[in-house]
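Participant: Structure provided below as structure tokens; questions to follow.
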Amino acid sequence: MLREDHRHYWDLMRLGDKRALFELYNNMYFHMIRFGLKINADDELVKDCVNQVFLNLWDKRARLPQVENVNSYIMTSLRRCMLDQLNYLNRTNLALNQMLAEEDVNELSYEEILINLQHDDDLKTKLTVAIQQLTPRQMELIQLKFFEGLSYDQIAERTSQTVKTAYNTIYDAIKSLRRLLK
Amino acid sequence: MPDANFHVEQLICNESFQQFCLGTSFENELLWLDWIDKLPHKRKEFEEAKRLVEILNVKQGSRLQQLQELKSGLQQKALLTSAINLDSRNKKLPMLNKVHPLYRYIGSVAALILVALFIYIYNPRPSSTTVKHQPKNQFSSGTSMRKTMVLPDGTVITLAKESSINLPGDFNKNNRELWLSGEAFFDVKHDAQHPFIVHTAFNDIKVLGTAFNVKAYPNAKEMETSLIRGSIRVESKIFSGQFVFLKPNEKLTTNTHFSKDDTAALKPFTVTSLIKASDNSQIQEVLWVKNRIEIEDEPLSVIVKKLQNWYGIEIVITDATVANYHYSGVFENESVVKTLEALQLSYPFHLEVEQNKITISK
């Protein structure tokens, strides 16, 4: 369904419909941010590259091909943009770069992103400790809720439990996190 | 919506609140801002909840805000494209086709400029009858070795010889932007909400709260930015979209005589570690501003004279008793205010900082 929608927006965008570009942007934004953060936990860099990808798409709209899978086209563009930037900033060496360029990317885990993103050393330490206090189940639900952005209904369905249990698990986890991050 | 006696945890677990933090819809944004406006005493809890959600969603950002940036970027890019087209009618610019990596970054810097503009425009102004062209205030060091001034936001700047800064007439705590020509040391007051931006001919430097040195003389071959504390982001003006994050003790050198034809051969930016002068393990780049004063039981009036001469800022003591306070110790600071604050710790006195003058009283 979504895939067809995106193909539709893509074609409209190629014809010069700016609203279609924004539709694609709104639909893709969080997917792209999550995808980018797994490559490099630098939220500023990821956000810049996401917007760069769309600026480029608009710039080249008349020359863009018809695309079967719009999502993967955009994700590949994002990955390339980020690797270019990282390369430019000398933050990766060539070997690592090649590794990332291959199909199965060595992804950062949610926990790694969570900690790498913090600039404040104090918060980094506290966060590391706080995460260790959570049960694996709590951590899983926190990731589904806050990183993947699923609703409680979706989480309940995916983890075969009631919405109430899912909510309570997350509530308890937040309570303990908040105490430890103070 | 939770009731007025909500717990922070409750708010964090609220699905609609999570959406608000991610800026997914305009309605949601208005709803929550309106809600908290009516509960001003709960503002602290609200901010705490928001901060925790942002940590957990790993700073995915606000989609609304990012979309706004994209829109601005597109607009700016269109303007630029038409400007380039106009220009190429007069003189041919064949390199634009060849050097497309350069071209494709134009948009993002344009977006950043626009964001700055956006912040500038949407800042609440104290009076609605502001003049369109705000007068600019210029401060120059002229031939004196150093000149220090304190901006309204508490940032301390020391200018080196023959350097100047231009402040827009409405520079204030919310709009922290200035233009530099020459060399200066900045000790920027921390304020994550309002970035401090230094424009130079070649780069723009975006700061949160940090100490750094910028050397950007108009005729020099290179421009240098050295970071002592904190973090800054340097954006190239010539190579739009190129930016570098500096870490403490790193120096960024920009080749200013960089012609666009040799893009492939040369890098516009190089980042190196700050070299410490071998004899006293001091960082070379800030030696010009760093003052080491050794005080051996001297009255404040004498100390203040020394500081005044070194940093180039008028310091007045209004109270005779305070002028007679005796201090001992070794102080090493890049900023005159830091040194005075250190003195305050042993014998307290009152410190009032204005643009060109520091007043010490009881």
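Going through the structure tokens in order, the chains are called A, B, and so on, while each chain numbers its residues from 1 and the ligands are numbered from 1 in the order shown.
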Using only C-alpha atoms, which residues sit within 12 Å of B:Thr272 once same-chain residues fewer than 5 positions away are excluded, as a VMD selection string?
Facilitator: (chain A and resid 90) or (chain B and resid 224 to 227 246 to 254)
Participant: Could you write out as an MDAnalysis selection string the residues of chain B within 6 Å of chain A, counting only C-alpha atoms?
Facilitator: chainID B and resid 56:58 70
Participant: For each of A:Ala166, A:Met28, A:Ala130, A:Ile155, take the minimum atom-to-atom distance to A:Ser72, counting only C-alpha atoms, then give the residue where this is smallest.
Facilitator: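 When distances to A:Ser72 are compared using only C-alpha atoms, the smallest one comes from A:Met28.
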Participant: Would you compute the distance between atom CA of B:Leu80 and atom CA of B:Phe202? Give it in Å to one decimal.
Facilitator: 18.1 Å
Participant: Go ahead and compute the interatomic distance for atom CA of A:Leu108 and atom CA of A:Glu23, in Å to one decimal.
Facilitator: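 These atoms are spaced 28.3 Å apart.
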Participant: What is the atom CA of B:Asp191 to atom CA of B:Gln60 distance in Å?
Facilitator: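 Rounded to one decimal, the two atoms are 21.1 Å apart.
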Participant: I'd like the contact shell of B:Gln65 - 8 Å cut-off, only C-alpha atoms, skipping same-chain residues fewer than 4 positions apart - returned as a JSON list (two decimals) with C-alpha atoms, in the first residue's frame.
Facilitator:
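Contents of around-v6.json, freshly written:
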```json
[["chain", "number", "residue", "atom", "x", "y", "z"],
["B", 23, "GLY", "CA", 6.84, 17.34, 16.13],
["B", 61, "GLY", "CA", 14.26, 15.75, 16.21],
["B", 69, "GLU", "CA", 14.22, 23.85, 7.23]]
```
